[in-house]
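Q: Dropping the structure in here first, questions after.
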Amino acid sequence: MPTSDIRQIGSLGRSGPLYLRLERALRAAVNEDRLAPGAALPSERTLCDTYDLSRVTVRKALDGLVRDGVLIRRRGSGTYVADAAPRPERVEKNFAVLSSFSEDMISRGRTPGSRWLGRSAGVVTPEEAMALGLSPGSPVYRFRRVRLADGQPMALEISTVAGFALPSIEVVGASLYEALDTAGFRPVRALQRLRALTAGDERGRLLEIDAGDAGLMIERRAFLEDGRAVELTRSFYRGDAYDMVAELGV
């Protein structure tokens with residue numbers, strides 16, 4: 001079987017660790033059919049020489065793609081594109097329904113998850129006080145995490161919750177809305193604002209995409225039935241994984 005031309009892989013991105021940049025370039029070449037199912041990859045030595053990478057870096061990139069089923073290794077033969085390489089599955093996010101990330105993924109038969117980046121308790125900032133209608137000095141909880149679907153990074157989520165709505169910071173596990181529901185403070189309506197943005201270096205690194213890749217920033221303010229604001233969340237969704245839909249009427 002012929003070996004793929006190194007030019008079919010293209011150049012590496014500029015953001016993130018070297019192994020991840022090579023992994024993304026190879027994954028994109030497979031997803032865009034520049035590397036066909038069953039095609040043999042260039043040798044590790046060729047990848048090292050072409051991209052000026054160490055053997056350890058190249059192997060780490062290939063290992064990640066083998067784990068994901070994008071590539072397969074054949075002992076004594078080399079590394080090949082899997083015959084049925086998985087492609088990112090797009091998700092429709094319904095703007096007309098107030099639901100959590102976990103609920104959205106479960107309803108689509110996918111397994112939600114989180115990679116926690118931090119959680120803290122503090123007092124409200126002036127911006128948070130204005131958004132949530134809280135007095136200066138009011139307690140709040142802050143949560144920052146990467147949201148996963150079937151282990152794949154899908155969104156970066158940064159949330160601030162009014163302190164009265166949760167008994168402690170530790171009660172938030174897989175789902176923020178589940179914790180709010182248990183505490184009796186699940187929101188019933190929300191205002192959402194959407195903007196198109198490029199990922200940038202930090203979001204690109206966390207979501208395993210290039211800094212110049214497109215995404216959707218959604219700011220949500222959620223309210224209780226009595227009108228009190230309870231949650232302020234800013235989420236950056238991968239543009240290659242989400243479609244935003246809304247039902248309109250007259």
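In the structure tokens, chains take letters A, B, ... by order of appearance, with residues numbered from 1 within each chain and ligands from 1 in the order shown.
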Run DSSP on the backbone and tell me which residues of stretch 128-233 of chain A come out as alpha helix (DSSP H); list them as a list in words.
A: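 Across stretch 128-233 of chain A, those assigned alpha helix (DSSP H) are Glu128, Ala129, Met130, Ala131, Leu132, Leu176, Tyr177, Glu178, Ala179, Leu180, Asp181, Thr182, Ala183, Gly200, Asp201, Glu202, Arg203, Gly204, Arg205, Leu206 and Leu207 of chain A.
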Q: At a cut-off of 12 Å, using only C-alpha atoms, what residues contact A:Ser175? Leave out same-chain residues fewer than 6 positions from it and give the result as a PyMOL selection string.
A: chain A and resi 99-106+112-114+143+145+147-148+157+159+181-182+186
Q: Just the strand (DSSP E or B) stuff from stretch 80-181 of chain A, please, per backbone DSSP, written as a ChimeraX atom specification.
A: /A:80-81,91-94,112-123,139-149,152-162
Q: List the spatial neighbours of A:Arg238 as a list in words - criterion: any atom at most 7 Å away, only C-alpha atoms, same-chain residues fewer than 6 positions off excluded.
A: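 Returned residues: Met154, Ala155, Gly215 and Leu216 of chain A.
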Q: So which residues touch A:Ala121 within 10 Å, counting only C-alpha atoms, skipping near sequence neighbours fewer than 5 positions away, as a PyMOL selection string?
A: chain A and resi 139-143+160-161+163+168-169
Q: Neighbours of A:Ala190 within 8 Å (only C-alpha atoms; same-chain residues fewer than 4 positions away dropped), as a PyMOL selection string?
A: chain A and resi 98+220-223
Q: Could you turn the residues from that selection into a file that holds N, CA and C atoms, as a PDB file, in the first residue's frame?
A:
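Final output, selection-v2.pdb:
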```pdb
ATOM      1  N   LEU A  98     -34.128  26.089  28.148  1.00  0.00           N
ATOM      2  CA  LEU A  98     -33.131  26.313  29.182  1.00  0.00           C
ATOM      3  C   LEU A  98     -32.714  24.959  29.750  1.00  0.00           C
ATOM      4  N   ARG A 220     -24.924  33.857  29.366  1.00  0.00           N
ATOM      5  CA  ARG A 220     -26.277  33.545  29.853  1.00  0.00           C
ATOM      6  C   ARG A 220     -26.466  34.107  31.258  1.00  0.00           C
ATOM      7  N   ARG A 221     -27.560  34.837  31.450  1.00  0.00           N
ATOM      8  CA  ARG A 221     -28.013  35.237  32.786  1.00  0.00           C
ATOM      9  C   ARG A 221     -29.304  34.497  33.060  1.00  0.00           C
ATOM     10  N   ALA A 222     -29.332  33.707  34.116  1.00  0.00           N
ATOM     11  CA  ALA A 222     -30.491  32.866  34.414  1.00  0.00           C
ATOM     12  C   ALA A 222     -31.195  33.363  35.671  1.00  0.00           C
ATOM     13  N   PHE A 223     -32.529  33.218  35.662  1.00  0.00           N
ATOM     14  CA  PHE A 223     -33.363  33.820  36.709  1.00  0.00           C
ATOM     15  C   PHE A 223     -34.280  32.780  37.352  1.00  0.00           C
TER      16      PHE A 223
END
```
Q: With only C-alpha atoms counted and 7 Å as the cut-off, give the residues of stretch 174-222 of chain A in contact with stretch 2-25 of chain A, each with its shortest interatomic distance in Å and the pair that gives it, as a Markdown table.
A:
```
| residue | atom | partner | partner_atom | distance |
| --- | --- | --- | --- | --- |
| A:Asp201 | CA | A:Ser15 | CA | 5.9 |
| A:Arg205 | CA | A:Gly16 | CA | 5.2 |
| A:Asp210 | CA | A:Gly13 | CA | 6.1 |
| A:Ala211 | CA | A:Ser15 | CA | 6.0 |
```
Q: Take the residues from that selection and put them in a file with N, CA, C and O atoms, as a PDB file, in the first residue's frame.
A:
```
ATOM      1  N   ASP A 201      -5.347  31.853  21.952  1.00  0.00           N
ATOM      2  CA  ASP A 201      -4.356  30.877  22.407  1.00  0.00           C
ATOM      3  C   ASP A 201      -4.855  30.006  23.555  1.00  0.00           C
ATOM      4  O   ASP A 201      -4.768  28.775  23.506  1.00  0.00           O
ATOM      5  N   ARG A 205      -5.933  26.075  23.258  1.00  0.00           N
ATOM      6  CA  ARG A 205      -5.175  25.022  23.961  1.00  0.00           C
ATOM      7  C   ARG A 205      -6.106  24.134  24.777  1.00  0.00           C
ATOM      8  O   ARG A 205      -5.985  22.904  24.756  1.00  0.00           O
ATOM      9  N   ASP A 210      -7.058  25.103  16.974  1.00  0.00           N
ATOM     10  CA  ASP A 210      -6.122  26.171  16.671  1.00  0.00           C
ATOM     11  C   ASP A 210      -6.639  27.512  17.184  1.00  0.00           C
ATOM     12  O   ASP A 210      -7.851  27.742  17.267  1.00  0.00           O
ATOM     13  N   ALA A 211      -5.706  28.409  17.498  1.00  0.00           N
ATOM     14  CA  ALA A 211      -6.074  29.723  18.015  1.00  0.00           C
ATOM     15  C   ALA A 211      -6.967  30.493  17.043  1.00  0.00           C
ATOM     16  O   ALA A 211      -7.824  31.277  17.460  1.00  0.00           O
TER      17      ALA A 211
END
```
Q: Using only C-alpha atoms, pick whichever of A:Arg189, A:Asn31, A:Arg144, A:Asp213 has the shortest atom-to-atom distance to A:Arg234.
A: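 Ranking A:Arg189, A:Asn31, A:Arg144, A:Asp213 by distance to A:Arg234, first place goes to A:Arg144.
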Q: Would you mind listing what lies within 10 Å of A:Asp243 as a list in words, with only C-alpha atoms counted and same-chain residues fewer than 4 positions away left out?
A: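 Once the adjacent positions are removed, what remains is Arg90, Val91, Glu92, Lys93, Asn94, Leu216, Tyr237, Arg238 and Gly239 of chain A.
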Q: If you count only C-alpha atoms, which residues fall within 8 Å of stretch 55-57 of chain A, apart from same-chain ones fewer than 3 positions away, as a PyMOL selection string?
A: chain A and resi 18-19+44-45+48+60-61
Q: Would you write out, as a Markdown table, a table of all residues in stretch 175-228 of chain A that have an atom no more than 9 Å from an atom of stretch 150-153 of chain A, listing for each the closest atom pair and the distance in Å to one decimal, considering only C-alpha atoms and ordering rows by chain and rising residue number?
A:
```
| residue | atom | partner | partner_atom | distance |
| --- | --- | --- | --- | --- |
| A:Leu206 | CA | A:Pro153 | CA | 7.8 |
| A:Leu207 | CA | A:Pro153 | CA | 5.2 |
| A:Glu208 | CA | A:Pro153 | CA | 7.2 |
```
Q: Can those selected residues be exported to a file as a short mmCIF file (atom, residue, chain, number, x, y, z; two decimals), in the first residue's frame so that it contains all heavy atoms?
A:
```
data_model
loop_
_atom_site.label_atom_id
_atom_site.label_comp_id
_atom_site.auth_asym_id
_atom_site.auth_seq_id
_atom_site.Cartn_x
_atom_site.Cartn_y
_atom_site.Cartn_z
N LEU A 206 -7.05 24.73 25.48
CA LEU A 206 -7.94 23.96 26.35
C LEU A 206 -8.91 23.09 25.55
O LEU A 206 -9.27 21.99 25.99
CB LEU A 206 -8.73 24.90 27.27
CG LEU A 206 -7.90 25.64 28.32
CD1 LEU A 206 -8.75 26.69 29.01
CD2 LEU A 206 -7.31 24.67 29.33
N LEU A 207 -9.32 23.57 24.38
CA LEU A 207 -10.30 22.84 23.56
C LEU A 207 -9.64 22.02 22.46
O LEU A 207 -10.33 21.37 21.67
CB LEU A 207 -11.31 23.80 22.95
CG LEU A 207 -12.19 24.55 23.95
CD1 LEU A 207 -13.12 25.53 23.23
CD2 LEU A 207 -13.00 23.60 24.81
N GLU A 208 -8.31 22.07 22.40
CA GLU A 208 -7.54 21.28 21.43
C GLU A 208 -7.89 21.66 20.00
O GLU A 208 -8.08 20.81 19.13
CB GLU A 208 -7.74 19.78 21.68
CG GLU A 208 -7.30 19.35 23.08
CD GLU A 208 -7.54 17.88 23.36
OE1 GLU A 208 -7.92 17.14 22.43
OE2 GLU A 208 -7.37 17.47 24.52
#
```
Q: In Å to one decimal, how far is atom CA of A:Leu232 from atom CA of A:Ala131?
A: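 For atom CA of A:Ala131 relative to atom CA of A:Leu232, the distance reads 7.2 Å.
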Q: Between atom CA of A:Glu225 and atom CA of A:Pro187, what distance in Å does the model show, to one decimal?
A: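 Separation between atom CA of A:Glu225 and atom CA of A:Pro187: 7.1 Å.
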Q: Nearest to A:Arg115 among A:Gly69, A:Gly78, A:Gly137, A:Gly173, with distances taken over only C-alpha atoms: which residue is it?
A: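 Result for the nearest residue to A:Arg115: A:Gly173.
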Q: Go through A:Pro136, A:Ser120, A:Phe95, A:Ser235 and flag the residue nearest A:Leu191, using only C-alpha atoms for the distances.
A: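 Looking only at the distances to A:Leu191, the closest residue turns out to be A:Phe95.
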Q: In Å, rounded to a single decimal, give me how far atom CA of A:Leu180 is from atom CA of A:Ala165.
A: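 Straight-line distance from atom CA of A:Ala165 to atom CA of A:Leu180 works out to 6.6 Å.
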Q: Given the choices A:Leu132, A:Ala241, A:Leu47, A:Thr233, which gets closest to A:Ile209 if the distance is worked out from only C-alpha atoms?
A: A:Ala241
